[in-house]
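One structure is given here, and the rest of the page talks about it.
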Amino acid sequence: MNKINFDDDSAVLIIGSGAGGGTLANELCQKGIKVILLEAGKHYSIQDFHNNEWEAFSQLAWLDKRTTSGDWRVAQDFPNLPAWICKTVGGTTTHWAGASLRIQDYEFKAKTVYGEIENANLLDWPLALEDLADYYDKAEDKMGVTRTHGIPGLPGNNNFKVMHAGATKLGYKKVNTGHMAINSRPRDGRASCMQLGFCFQGCKSGAKWSTLYTEIPAAEATGNLDLRTETHVLRIEHNESGKVSAVEYVDKDGKHHLQKAKIICVAGNSIETPRLLLNSQTSQYPDGLANSSGQVGRNYMRHTTGSIFAMFDKPVNMHRGTTMAGIIQDESGHDPKRGFAGGYELETLALGLPFMAAFLNPGAWGKDFTHALENYKHLAGMWIVGEDMPQEKNGVTLHADEKDQYGMPVPNVHYDDHANDIAMRNHAYKQGMAVYDAVNATNIYEVPPYPSTHNLGTCRMSKRSSDGVCNKWGQTHDIDNLFISDGSQFTTGAAENPTLTIVTLAIRQADYIADQLNSREL
Amino acid sequence: MYKKPISRRLFLKFGGFSTLTSKYLLTSSAGLLHALTVYANEPDSLDENDIKLLFSILKQMYPHNILNDLHYQKVVEKIIESSSSDEAVNKIIKNGISKLNDTVDKTMVKNTWIESSSAEQLETLKKISKTEFFSKLKSTTINTLYNDDEVWELFGYEGDAFSKGGYLYRGFNDLDWLPEPPAEASPKFKG
């Protein structure tokens, strides 16, 4: 039962219940503000999660049709699956690994620090690390990030032992079990990590932070939340003065509804958010909402990624324990001598046998492939996360002909690697291989990027309204009661896993929205 | 004739068959083939030779000495299932099989797939590796062969961990052939 009437236009309406939307909803509810939270996916509980890769994937992943273009290998291997993100209450916080790193000071000033880079649409963020410091602190406390607030680091698993031994032999210094939003001891009513090894499949012990069982129930407890699951938003409407006023959505029975609202915050992840703005075009906004800059859907970033897996004579059992069990941070600075701008992190990563088969080398067959798989027990793995260059041509557009089950144009995701991305990836492959070589790997595998889990930048924040879609609060330049509340806001990608920053920006945005409401600016 | 979904009966029979008689099947591939074809008796469905060929191709594409016919059988069953329930798939599989022998190098002495040497079979597979038929075999194998808990066990993947309490007390850090990382990099768990 809805708590708020369709014609009631006094609430804040948030689209998406993941890291951005779920956090924002709770923060606003705690301040006494009424919130309608629309989520396209179903409401599962921890008990519903599966310790099985394919079952969990069919349960949690966003599988509505998408198309791809561009020279990235994902378009070739997974033409209808550009992104590995989730459609469920809690969004991709059900699937994320938990790595929670602050963006570094220099990364907020990418254009200033890197200078002009050909074919890159670089920009400095309209805010600095010091503007976010207190909010990062709040986010880390909320999420229980290890190595902050006196929370001990997680114990390293076998996969980390291999990484640590190789990395230190190579001379790397910043190697540890990372800053993880996974309880290393019981905290905040949640248990400590059981070392299940199924972080990506929904954490069945609840040790990993997810809005599903933290922010959302906390928001519900205030009585201010109206959560509507299995609701797919088709359009955002505006009034004559150009302000947004309502959303049209389809519920699980296929019924269309129009819900009025005072403020609308879009947090559908970097593919759905611009798709919705573009699909909401009217005669007043012929290019879609908040798109006077023409930047809605552009500058799509996905991090420069790739994996390195290595085989050893003796067993590793990388699947045991946290998926991202450790990190090497020595390459995360900006050092142009390496032949590229920006930096990258190396983080352990393990896949189960089913997903190793799917991702090791998509399309591969034959002896080399089967040899790697049948030695599964002897494999160790790591993942590259590096800053990729924003490019105007990379992005999300509405497909000209193909429609989804609701009649809405499917999104096409275009991505071409930038020369800087390729140089960085090659460097990272080389370093990752050297790490495993240092501990006598018998075989080393360069694994191509998976469908993207870090989707960023398609409604970026900018100082000037001509360069981007929203300001430093996530408020769109064109429409002051329309906000971007997810990773689409990112001006540049930085080298860090983005969730902590998405949560940080959401907490900060909630303060801003509350202030604006109090001072009657909105 | 394609409308008839693969009978649940067919599938259930296979399931029961595999578990009940697996030991005997290993020693009797003729018995296995018979079991696979007995239910697949639609005019355009896959015949005994087709199924024999599929086994042979799959084992050449995804060779594993530690697996036996029963593991590949699940992939073959999956192909029969989708071929019986989907006309388009049926066409892809039937065409693929019928063209396979045409693709075998005619200059070679032996000229059917089954009679070709392993090296010749590999050459043939490379030639058809861009076909829809080949793609279908690949995707079916990836989603079936490596999603089988019997195969997991043989390869050392342990599957569900929650029901066993995770690995916190079951070897998540039992690797002993490399130095232990120091406590500041990897703190001990204090339960």
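In the structure tokens, the first chain shown is A, the next is B, and so on; residue numbers restart at 1 for each chain, and ligands run from 1 in the order shown.
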So that each row is one residue of stretch 109-174 of chain B with an atom at most 12 Å from stretch 136-154 of chain A, can you give its shortest atom pair and the distance in Å to one decimal, using only C-alpha atoms, rows by chain and rising number, as CSV?
residue,atom,partner,partner_atom,distance
B:Leu168,CA,A:Leu154,CA,11.2
B:Phe172,CA,A:Leu154,CA,11.9
B:Asn173,CA,A:Leu154,CA,11.7
What are the closest atom pairs, with distances in Å to one decimal, for each residue of chain B lying within 8 Å of chain A, using only C-alpha atoms, rows by chain and rising residue number, as a tab-separated table?
residue	atom	partner	partner_atom	distance
B:Gln60	CA	A:Gly366	CA	7.3
B:Met61	CA	A:Gly366	CA	5.1
B:Tyr62	CA	A:Gly366	CA	5.5
B:Pro63	CA	A:Lys367	CA	6.2
B:His64	CA	A:Thr370	CA	6.6
B:Ser135	CA	A:Gly363	CA	7.9
B:Lys138	CA	A:Gly363	CA	7.0
B:Ile142	CA	A:Ala357	CA	6.0
B:Asn143	CA	A:Pro354	CA	7.3
B:Tyr146	CA	A:Pro354	CA	5.2
B:Asn147	CA	A:Pro354	CA	5.3
B:Trp152	CA	A:Leu353	CA	6.9
B:Leu154	CA	A:Glu374	CA	7.8
B:Phe155	CA	A:Glu374	CA	4.9
B:Gly156	CA	A:Lys377	CA	5.0
B:Tyr157	CA	A:Leu353	CA	6.3
B:Gly159	CA	A:Asn52	CA	6.9
B:Asp160	CA	A:Asn51	CA	4.9
B:Ala161	CA	A:Leu196	CA	5.5
B:Phe162	CA	A:Leu196	CA	6.2
B:Gly165	CA	A:Met194	CA	6.9
B:Gly166	CA	A:Leu196	CA	4.3
B:Tyr167	CA	A:Gln195	CA	5.2
B:Leu168	CA	A:Gln195	CA	5.2
B:Gly171	CA	A:Arg320	CA	7.4
B:Phe172	CA	A:Arg320	CA	4.9
B:Asn173	CA	A:Asn157	CA	4.4
B:Asp174	CA	A:Asn158	CA	6.7
B:Leu175	CA	A:Asn158	CA	5.6
B:Trp177	CA	A:Lys314	CA	7.6
B:Leu178	CA	A:Ala165	CA	6.8
B:Pro179	CA	A:Ala165	CA	6.8
B:Glu180	CA	A:Lys161	CA	6.9
B:Pro181	CA	A:Lys161	CA	6.6
B:Glu184	CA	A:Asn176	CA	7.5
B:Ala185	CA	A:Asn176	CA	4.1
B:Ser186	CA	A:Pro155	CA	5.0
B:Pro187	CA	A:Pro155	CA	5.0
B:Lys188	CA	A:Pro155	CA	5.4
B:Phe189	CA	A:Pro155	CA	5.7
B:Lys190	CA	A:Arg185	CA	8.0
B:Gly191	CA	A:Arg185	CA	7.7
State, in Å with one decimal place, the distance from atom CA of B:Ile93 to atom CA of A:Leu81.
25.2 Å
Non-local contacts of B:Lys99 (12 Å; only C-alpha atoms; under 6 positions in same chain excluded) as a ChimeraX atom specification:
/B:50,53,91-93,105,112-113,124-125,127-128,131,133-134
Residue among A:Phe49, A:Tyr300, A:Trp209, A:Phe108 lying closest to A:His418, counting only C-alpha atoms:
A:Tyr300
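Put simply, atom CA of A:Leu122 is 26.5 Å away from atom CA of A:His399.
For the atom pair formed by atom CA of A:Asp253 and atom CA of A:Thr273, the distance is 23.2 Å, given to one decimal.
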